[in-house]
$ cat run.txt   # compact mmCIF, C-alpha atoms and all ligand atoms
# COMPACT_ATOMS: atom_id res chain seq x y z
CA MET A 1 -92.90 131.52 -53.17
CA PHE A 2 -92.17 128.76 -55.69
CA GLN A 3 -88.47 127.84 -55.73
CA VAL A 4 -87.12 125.01 -57.91
CA GLU A 5 -84.35 124.42 -55.34
CA ASN A 6 -86.91 123.61 -52.64
CA LEU A 7 -88.52 120.88 -54.75
CA LEU A 8 -85.35 119.15 -55.99
CA ARG A 9 -84.09 115.85 -54.62
CA GLU A 10 -81.00 116.23 -52.41
CA ASN A 11 -78.85 114.02 -54.68
CA ILE A 12 -79.75 116.20 -57.69
CA LYS A 13 -78.96 119.40 -55.80
CA LYS A 14 -75.50 118.00 -55.09
CA LEU A 15 -75.01 116.40 -58.53
CA THR A 16 -72.01 117.32 -60.64
CA PRO A 17 -73.38 116.68 -64.14
CA TYR A 18 -71.44 114.79 -66.80
CA SER A 19 -69.30 117.12 -68.82
CA SER A 20 -68.84 115.98 -72.41
CA ALA A 21 -65.77 116.77 -74.48
CA ARG A 22 -67.75 119.33 -76.48
CA ASP A 23 -69.00 121.08 -73.33
CA GLU A 24 -65.44 122.13 -72.59
CA PHE A 25 -64.65 123.46 -76.08
CA HIS A 26 -66.70 126.11 -77.90
CA GLY A 27 -66.10 127.46 -81.41
CA GLU A 28 -64.67 126.20 -84.68
CA ALA A 29 -61.66 123.89 -84.83
CA LYS A 30 -59.83 122.11 -87.64
CA ILE A 31 -59.16 118.86 -85.89
CA PHE A 32 -61.30 117.11 -83.28
CA LEU A 33 -59.38 114.50 -81.33
CA ASP A 34 -61.22 114.96 -78.06
CA ALA A 35 -64.18 112.55 -78.04
CA ASN A 36 -62.81 109.18 -79.16
CA GLU A 37 -64.98 109.18 -82.27
CA ASN A 38 -64.00 107.29 -85.42
CA SER A 39 -62.13 109.96 -87.37
CA LEU A 40 -62.25 107.96 -90.62
CA GLY A 41 -66.02 108.19 -91.05
CA SER A 42 -68.77 105.58 -91.08
CA PRO A 43 -70.39 103.18 -93.53
CA LEU A 44 -73.19 105.76 -93.80
CA THR A 45 -72.58 109.46 -94.33
CA VAL A 46 -69.67 111.40 -92.98
CA TRP A 47 -71.45 113.33 -90.24
CA TYR A 48 -72.70 110.29 -88.31
CA ASN A 49 -69.20 109.58 -87.02
CA ARG A 50 -69.38 112.65 -84.74
CA TYR A 51 -71.37 113.08 -81.54
CA PRO A 52 -74.40 115.34 -81.93
CA ASP A 53 -74.83 118.75 -80.25
CA PRO A 54 -75.69 117.84 -76.61
CA LEU A 55 -77.99 120.86 -76.25
CA GLN A 56 -79.43 120.88 -79.82
CA TRP A 57 -79.10 124.68 -80.20
CA LYS A 58 -79.96 124.87 -83.92
CA LEU A 59 -83.12 122.89 -83.35
CA LYS A 60 -84.07 125.00 -80.34
CA GLU A 61 -83.52 128.24 -82.25
CA SER A 62 -85.79 127.04 -85.03
CA LEU A 63 -88.41 125.86 -82.55
CA SER A 64 -88.08 129.12 -80.64
CA LYS A 65 -89.26 131.04 -83.73
CA ILE A 66 -92.21 128.72 -84.30
CA LYS A 67 -93.36 128.69 -80.66
CA ALA A 68 -92.31 132.24 -79.71
CA VAL A 69 -90.48 130.87 -76.67
CA PRO A 70 -86.75 131.64 -76.04
CA PRO A 71 -84.38 128.67 -76.64
CA GLU A 72 -83.33 128.83 -72.97
CA ASN A 73 -86.87 127.85 -72.00
CA ILE A 74 -86.85 124.69 -74.13
CA PHE A 75 -85.72 121.16 -73.32
CA LEU A 76 -85.76 118.45 -75.98
CA GLY A 77 -86.25 114.83 -74.99
CA ASN A 78 -86.12 111.43 -76.63
CA GLY A 79 -89.91 111.58 -76.96
CA SER A 80 -92.14 113.27 -74.36
CA ASP A 81 -91.65 110.09 -72.38
CA GLU A 82 -88.09 111.16 -71.55
CA CYS A 83 -89.38 114.62 -70.54
CA ILE A 84 -91.79 112.85 -68.15
CA ASP A 85 -89.24 110.43 -66.70
CA ILE A 86 -86.62 113.11 -65.99
CA LEU A 87 -89.08 115.10 -63.86
CA TYR A 88 -89.54 112.07 -61.63
CA ARG A 89 -85.82 111.43 -61.35
CA ALA A 90 -85.00 115.06 -60.57
CA PHE A 91 -87.85 116.04 -58.25
CA CYS A 92 -89.38 112.95 -56.66
CA GLU A 93 -87.76 111.05 -53.80
CA PRO A 94 -88.42 107.30 -54.34
CA GLY A 95 -90.53 105.72 -51.62
CA LYS A 96 -91.38 109.12 -50.11
CA ASP A 97 -92.87 111.62 -52.56
CA ASN A 98 -96.16 111.44 -54.44
CA VAL A 99 -97.70 112.89 -57.61
CA ILE A 100 -101.31 113.31 -58.72
CA ILE A 101 -102.85 112.19 -61.99
CA ASN A 102 -106.39 112.76 -63.27
CA PRO A 103 -107.61 109.49 -64.78
CA PRO A 104 -108.59 108.45 -67.31
CA THR A 105 -105.39 109.88 -68.77
CA TYR A 106 -102.15 109.07 -70.58
CA GLY A 107 -100.62 105.91 -69.09
CA MET A 108 -96.97 106.90 -68.91
CA TYR A 109 -97.38 109.29 -65.95
CA GLU A 110 -98.26 106.23 -63.86
CA VAL A 111 -95.81 103.75 -65.43
CA SER A 112 -92.95 106.20 -65.05
CA ALA A 113 -93.98 106.80 -61.41
CA HIS A 114 -93.89 103.05 -60.72
CA ILE A 115 -90.47 102.72 -62.37
CA ASN A 116 -89.21 105.49 -60.11
CA ASP A 117 -91.00 104.12 -57.00
CA ILE A 118 -93.18 107.22 -56.61
CA GLU A 119 -96.69 107.02 -55.14
CA ILE A 120 -99.52 107.84 -57.55
CA ARG A 121 -102.64 109.59 -56.26
CA ARG A 122 -105.76 109.74 -58.42
CA ALA A 123 -108.21 112.59 -58.73
CA ARG A 124 -110.58 110.97 -61.20
CA LEU A 125 -111.99 113.36 -63.80
CA LEU A 126 -115.67 114.30 -63.41
CA ASP A 127 -118.25 112.65 -65.66
CA ASP A 128 -117.74 115.38 -68.28
CA PHE A 129 -113.97 114.59 -68.26
CA GLN A 130 -113.12 117.87 -66.49
CA LEU A 131 -110.85 118.30 -63.45
CA ASP A 132 -112.30 117.54 -60.03
CA LEU A 133 -110.63 120.46 -58.23
CA VAL A 134 -112.02 119.59 -54.79
CA HIS A 135 -110.72 116.02 -54.95
CA LEU A 136 -107.40 117.24 -56.34
CA GLU A 137 -106.94 119.69 -53.48
CA ASN A 138 -107.76 117.04 -50.89
CA LEU A 139 -105.05 114.74 -52.25
CA VAL A 140 -102.24 117.28 -51.99
CA ASP A 141 -99.88 117.03 -49.03
CA ASP A 142 -96.38 118.33 -48.36
CA ARG A 143 -94.84 115.39 -50.25
CA THR A 144 -96.81 116.05 -53.45
CA LYS A 145 -94.30 117.15 -56.06
CA ILE A 146 -96.13 117.06 -59.41
CA ILE A 147 -99.69 117.37 -60.72
CA TRP A 148 -100.05 115.89 -64.23
CA ILE A 149 -102.68 117.51 -66.44
CA CYS A 150 -103.28 116.28 -69.97
CA SER A 151 -105.11 118.72 -72.25
CA PRO A 152 -106.46 117.78 -74.75
CA ASN A 153 -106.76 114.63 -72.71
CA ASN A 154 -105.91 111.14 -73.92
CA PRO A 155 -108.12 109.02 -74.14
CA SER A 156 -111.18 111.32 -73.81
CA GLY A 157 -110.00 113.83 -76.44
CA ASN A 158 -111.47 116.94 -74.77
CA SER A 159 -109.62 120.03 -73.60
CA LEU A 160 -109.73 120.76 -69.88
CA PHE A 161 -111.15 124.12 -68.77
CA ARG A 162 -108.41 126.74 -68.87
CA GLU A 163 -109.67 128.40 -65.65
CA ASP A 164 -109.36 125.07 -63.82
CA ILE A 165 -105.76 124.61 -64.97
CA GLU A 166 -105.04 128.20 -63.88
CA THR A 167 -106.56 127.47 -60.46
CA VAL A 168 -104.16 124.54 -60.06
CA LEU A 169 -101.20 126.63 -61.25
CA ASN A 170 -102.08 129.45 -58.83
CA ASN A 171 -102.61 127.26 -55.78
CA PHE A 172 -100.31 124.24 -55.98
CA PRO A 173 -96.75 124.94 -54.76
CA GLY A 174 -95.18 122.05 -56.75
CA LEU A 175 -94.78 121.46 -60.47
CA VAL A 176 -97.85 121.53 -62.71
CA VAL A 177 -97.21 119.68 -65.96
CA VAL A 178 -99.63 120.45 -68.80
CA ASP A 179 -99.19 117.78 -71.45
CA GLU A 180 -100.23 119.34 -74.76
CA ALA A 181 -99.33 116.43 -77.06
CA TYR A 182 -102.55 117.08 -79.06
CA ILE A 183 -102.73 120.88 -78.76
CA ASN A 184 -102.33 121.48 -82.52
CA PHE A 185 -105.69 119.81 -83.16
CA SER A 186 -107.45 121.91 -80.53
CA ARG A 187 -109.48 125.11 -80.75
CA HIS A 188 -107.96 126.21 -77.47
CA LYS A 189 -104.81 128.17 -76.73
CA SER A 190 -101.60 126.55 -75.57
CA PHE A 191 -100.05 127.40 -72.18
CA VAL A 192 -96.58 127.97 -73.68
CA GLN A 193 -97.02 131.73 -73.51
CA GLU A 194 -97.75 131.62 -69.78
CA LEU A 195 -94.28 130.57 -68.57
CA LYS A 196 -93.48 134.04 -67.19
CA ASP A 197 -96.62 134.05 -65.05
CA TYR A 198 -96.17 130.55 -63.68
CA PRO A 199 -92.68 129.51 -62.49
CA ASN A 200 -94.13 126.10 -61.57
CA LEU A 201 -95.45 125.36 -65.09
CA VAL A 202 -94.01 122.74 -67.45
CA VAL A 203 -95.68 122.43 -70.86
CA LEU A 204 -95.04 119.21 -72.79
CA GLN A 205 -95.48 118.97 -76.55
CA THR A 206 -94.26 116.44 -79.10
CA MET A 207 -93.31 116.04 -82.75
CA SER A 208 -95.11 112.66 -82.73
CA LYS A 209 -98.65 113.86 -83.50
CA ALA A 210 -99.34 116.98 -85.61
CA TRP A 211 -95.80 116.98 -87.05
CA GLY A 212 -96.13 113.35 -88.12
CA LEU A 213 -92.70 112.42 -86.76
CA ALA A 214 -93.42 109.74 -84.14
CA GLY A 215 -90.54 107.66 -85.50
CA LEU A 216 -87.95 110.35 -84.81
CA ARG A 217 -88.68 110.46 -81.05
CA LEU A 218 -88.62 114.15 -80.26
CA GLY A 219 -90.49 115.56 -77.28
CA MET A 220 -90.38 119.10 -75.98
CA ALA A 221 -90.66 120.62 -72.52
CA PHE A 222 -91.19 124.37 -72.13
CA ALA A 223 -90.52 125.83 -68.68
CA SER A 224 -88.63 128.47 -66.67
CA GLU A 225 -84.85 128.54 -67.14
CA ALA A 226 -84.46 127.14 -63.62
CA ILE A 227 -86.47 124.03 -64.55
CA ILE A 228 -84.77 123.67 -67.95
CA ASP A 229 -81.38 123.81 -66.15
CA VAL A 230 -82.49 120.85 -64.03
CA TYR A 231 -83.53 118.93 -67.15
CA ASN A 232 -80.13 119.58 -68.74
CA LYS A 233 -78.27 118.55 -65.61
CA VAL A 234 -80.03 115.17 -65.42
CA LYS A 235 -80.41 114.16 -69.09
CA PRO A 236 -78.01 111.72 -70.80
CA PRO A 237 -75.31 113.77 -72.58
CA TYR A 238 -76.40 113.08 -76.17
CA ASN A 239 -80.09 112.30 -75.74
CA ILE A 240 -81.18 113.52 -79.19
CA ASN A 241 -79.35 111.68 -81.95
CA GLN A 242 -77.85 113.38 -84.99
CA SER A 243 -80.33 112.12 -87.57
CA THR A 244 -83.29 113.21 -85.43
CA GLN A 245 -81.73 116.67 -85.04
CA GLN A 246 -81.11 117.02 -88.78
CA LEU A 247 -84.49 115.69 -89.90
CA ALA A 248 -86.48 117.68 -87.33
CA LEU A 249 -84.67 120.85 -88.41
CA LYS A 250 -85.62 120.13 -92.01
CA ALA A 251 -89.24 119.43 -91.03
CA MET A 252 -89.42 122.75 -89.19
CA GLU A 253 -88.86 124.55 -92.49
CA GLU A 254 -92.25 123.17 -93.58
CA VAL A 255 -94.56 124.67 -90.97
CA GLY A 256 -97.05 125.57 -93.70
CA GLN A 257 -97.33 121.95 -94.80
CA VAL A 258 -97.84 120.84 -91.19
CA ASN A 259 -100.59 123.44 -90.70
CA ASP A 260 -102.33 122.19 -93.87
CA MET A 261 -102.13 118.64 -92.51
CA ILE A 262 -103.58 119.73 -89.16
CA ARG A 263 -106.54 121.45 -90.88
CA LEU A 264 -107.15 118.35 -92.96
CA ILE A 265 -107.01 116.00 -89.95
CA VAL A 266 -109.43 118.21 -88.01
CA ALA A 267 -111.86 118.24 -90.97
CA MET A 268 -111.52 114.46 -91.35
CA ARG A 269 -112.11 114.02 -87.60
CA GLU A 270 -115.40 115.90 -87.87
CA ASP A 271 -116.40 113.90 -90.95
CA LEU A 272 -115.47 110.59 -89.30
CA ALA A 273 -117.46 111.56 -86.19
CA LYS A 274 -120.56 112.22 -88.30
CA ARG A 275 -120.24 108.96 -90.20
CA LEU A 276 -119.63 106.94 -87.04
CA ALA A 277 -122.62 108.58 -85.35
CA SER A 278 -124.89 107.29 -88.12
CA LEU A 279 -123.97 103.66 -87.38
CA PRO A 280 -126.42 101.66 -85.23
CA LEU A 281 -123.56 100.15 -83.20
CA VAL A 282 -122.38 103.59 -82.05
CA LYS A 283 -123.99 104.89 -78.85
CA LYS A 284 -122.00 108.08 -78.33
CA ILE A 285 -119.09 110.06 -79.75
CA PHE A 286 -117.29 112.28 -77.28
CA PRO A 287 -116.27 115.77 -78.48
CA SER A 288 -112.60 115.74 -79.52
CA ASP A 289 -109.89 118.39 -79.71
CA ALA A 290 -107.35 115.74 -80.72
CA ASN A 291 -106.60 113.50 -83.72
CA PHE A 292 -108.70 110.65 -82.34
CA LEU A 293 -112.25 109.97 -81.19
CA LEU A 294 -113.49 108.22 -78.10
CA VAL A 295 -116.50 106.23 -79.25
CA LYS A 296 -119.00 104.39 -77.05
CA VAL A 297 -120.31 101.30 -78.84
CA VAL A 298 -122.79 98.52 -78.14
CA ASP A 299 -120.17 95.84 -77.49
CA ALA A 300 -116.62 97.20 -77.41
CA LYS A 301 -114.89 93.85 -76.97
CA ALA A 302 -116.74 92.14 -79.84
CA ILE A 303 -116.31 95.10 -82.20
CA TYR A 304 -112.64 95.38 -81.34
CA GLN A 305 -112.17 91.67 -82.12
CA TYR A 306 -114.20 91.94 -85.32
CA LEU A 307 -112.03 94.84 -86.52
CA ILE A 308 -108.86 92.89 -85.67
CA GLU A 309 -110.12 90.00 -87.81
CA LYS A 310 -110.46 92.52 -90.65
CA GLN A 311 -106.91 93.73 -89.88
CA ILE A 312 -108.00 97.08 -88.50
CA VAL A 313 -106.49 97.94 -85.12
CA VAL A 314 -108.15 100.46 -82.83
CA ARG A 315 -107.61 100.90 -79.09
CA ASP A 316 -109.96 99.10 -76.72
CA ARG A 317 -110.46 101.43 -73.74
CA SER A 318 -113.51 99.62 -72.37
CA LYS A 319 -111.71 98.56 -69.17
CA VAL A 320 -110.59 102.11 -68.40
CA GLU A 321 -112.56 104.06 -65.75
CA LEU A 322 -115.16 106.44 -67.28
CA CYS A 323 -114.50 104.88 -70.70
CA GLU A 324 -116.61 101.74 -70.19
CA GLY A 325 -117.82 100.42 -73.55
CA CYS A 326 -115.47 102.72 -75.49
CA LEU A 327 -113.01 102.35 -78.33
CA ARG A 328 -110.45 105.01 -79.12
CA ILE A 329 -110.10 105.51 -82.86
CA THR A 330 -107.31 107.53 -84.49
CA VAL A 331 -108.25 109.58 -87.57
CA GLY A 332 -106.69 107.76 -90.51
CA THR A 333 -106.24 108.60 -94.18
CA GLU A 334 -109.38 109.04 -96.27
CA ASN A 335 -109.13 105.43 -97.51
CA GLU A 336 -108.50 104.07 -94.04
CA ASN A 337 -111.50 105.94 -92.63
CA ASN A 338 -113.68 104.69 -95.50
CA GLU A 339 -112.56 101.12 -94.90
CA LEU A 340 -113.23 101.45 -91.17
CA ILE A 341 -116.78 102.71 -91.80
CA THR A 342 -117.53 100.03 -94.43
CA THR A 343 -116.23 97.32 -92.10
CA LEU A 344 -118.28 98.60 -89.17
CA GLN A 345 -121.37 98.74 -91.40
CA SER A 346 -121.05 95.00 -91.95
CA PHE A 347 -120.95 94.22 -88.20
CA SER A 348 -124.29 92.76 -87.17
CA VAL A 349 -125.54 94.39 -84.00
C1 LIG B 401 -100.85 112.69 -73.90
C2 LIG B 401 -99.62 112.10 -74.49
N1 LIG B 401 -98.42 112.56 -74.11
C3 LIG B 401 -97.30 112.05 -74.62
C4 LIG B 401 -97.33 111.05 -75.55
C5 LIG B 401 -96.04 110.45 -76.05
O1 LIG B 401 -95.39 111.31 -76.87
P1 LIG B 401 -93.96 110.95 -77.47
O2 LIG B 401 -94.17 110.18 -78.71
O3 LIG B 401 -93.35 112.30 -77.68
O4 LIG B 401 -93.21 110.16 -76.41
C6 LIG B 401 -98.55 110.53 -75.99
C7 LIG B 401 -98.58 109.43 -76.97
O5 LIG B 401 -99.55 108.82 -77.29
C8 LIG B 401 -99.72 111.07 -75.45
O6 LIG B 401 -100.92 110.61 -75.78
$ encode --input "run.txt" --output "structure tokens"
Amino acid sequence: MFQVENLLRENIKKLTPYSSARDEFHGEAKIFLDANENSLGSPLTVWYNRYPDPLQWKLKESLSKIKAVPPENIFLGNGSDECIDILYRAFCEPGKDNVIINPPTYGMYEVSAHINDIEIRRARLLDDFQLDLVHLENLVDDRTKIIWICSPNNPSGNSLFREDIETVLNNFPGLVVVDEAYINFSRHKSFVQELKDYPNLVVLQTMSKAWGLAGLRLGMAFASEAIIDVYNKVKPPYNINQSTQQLALKAMEEVGQVNDMIRLIVAMREDLAKRLASLPLVKKIFPSDANFLLVKVVDAKAIYQYLIEKQIVVRDRSKVELCEGCLRITVGTENENNELITTLQSFSV
């Protein structure tokens, strides 16, 4: 049976976490002289002189209503990248353990593994960008701690088959992380409602994409309470700053506006795909459940350079396995998309 304790690093099992001044005191008080803050204020607004809530309860309660997940099953990170890094630091023994990724996929799973001296094993996606379950299974050994699954996947944009993800969840005894950074743009259902069925599941989401708040740095991990407790034990005491907490809380009052934006981006993605497909330099557009398109073109390097000269930056993915000859293009505003198309029309093939 899956037990978080069995997966944890020994040093984390034994760790006495940092206890902040506010962890020891709960409730209302008149005078706070416990945290060595500047009691006089700040050059900005009054509330920045105080440390923020270490566990961000208001934010989690608001998020809990939106996601229908109890606050105790939520961890908030300084971007999803912190949610990724903490899993390595808590569960993976440097120089000994390994994790599996399914390339082509989001780069930070690998970078974070290297930073933490964890071996990366690769089960390359199949030609249709779906999981290669046989290869995945063959790579697992008793030092495999995490399988990273990105759905919808970056850079291909497609969603992975739900049944395949369930097969991994049902058969792998370590952590299965489903990174749903782009889930709001997808036709498919999130895994956040499956936490009760899968004690080994971690779902990552972010405020950086659909919510339009990349600058605030707010990532979310949804998991069993046992896994969230590990996250809280290992995280820096005040990992989400006060202005991020306040602004994200305010943004969460505007779910309707965010949903309108998501619908618009999805419609613009479809429109952009059609217009790109009509260009002679475009060979193929891959189906996307995200806010970007992977586009195979006649000469990725030359087109990338040409766009740069016209001050339009896209992502050259042509050196990435299975993405040979491809550019990854984010859906922009209507004007930006128009300018992109007009510029590409003037490229001589
Ligand atoms: C799949 C995926 N996960 C996570 C992230 C990073 O999210 P955050 O901004 O929350 O660190 C990205 C950013 O591009 C991404 O593509």
$ closest_residue --input "run.txt" --among "A:Gly219, A:Gly256, A:Pro70, A:Pro103" --to "ligand LIG 401 (chain B)" --atoms "all atoms listed in the file"
A:Gly219
$ residues_around --input "run.txt" --residues "Asn98 (chain A)" --least-positions-apart "6" --cutoff "9 Å" --atoms "all atoms listed in the file" --output "list in words"
Cys92, Ala113, Ile118, Glu119, Ile120, Arg121, Val140, Asp141, Arg143, Thr144, Lys145 and Ile146 of chain A
$ closest_atom_pairs --input "run.txt" --of "chain A" --to "ligand LIG 401 (chain B)" --cutoff "6 Å" --atoms "all atoms listed in the file" --output "CSV"
residue,atom,partner,partner_atom,distance
A:Gly79,CA,B:LIG401,O3,3.6
A:Ser80,CA,B:LIG401,O3,3.7
A:Asp81,CA,B:LIG401,O4,4.3
A:Tyr106,CA,B:LIG401,C1,5.1
A:Cys150,CA,B:LIG401,C1,5.9
A:Asn154,CA,B:LIG401,C1,5.3
A:Asp179,CA,B:LIG401,C1,5.9
A:Ala181,CA,B:LIG401,N1,5.0
A:Thr206,CA,B:LIG401,O3,4.5
A:Ser208,CA,B:LIG401,O2,4.8
A:Ala214,CA,B:LIG401,O2,5.5
A:Arg217,CA,B:LIG401,O2,6.0
A:Leu218,CA,B:LIG401,O3,5.7
A:Gly219,CA,B:LIG401,O3,4.4
$ closest_residue --input "run.txt" --among "A:Ile228, A:Ala273, A:Val320, A:Ala290" --to "His188 (chain A)" --atoms "only C-alpha atoms"
A:Ala290
$ residues_around --input "run.txt" --residues "region 328-345 of chain A" --least-positions-apart "2" --cutoff "9 Å" --atoms "all atoms listed in the file" --output "PyMOL selection string"
chain A and resi 155-156+265-266+268-269+272+275-276+279-281+291-296+303+306-307+310+312-317+326+347-348
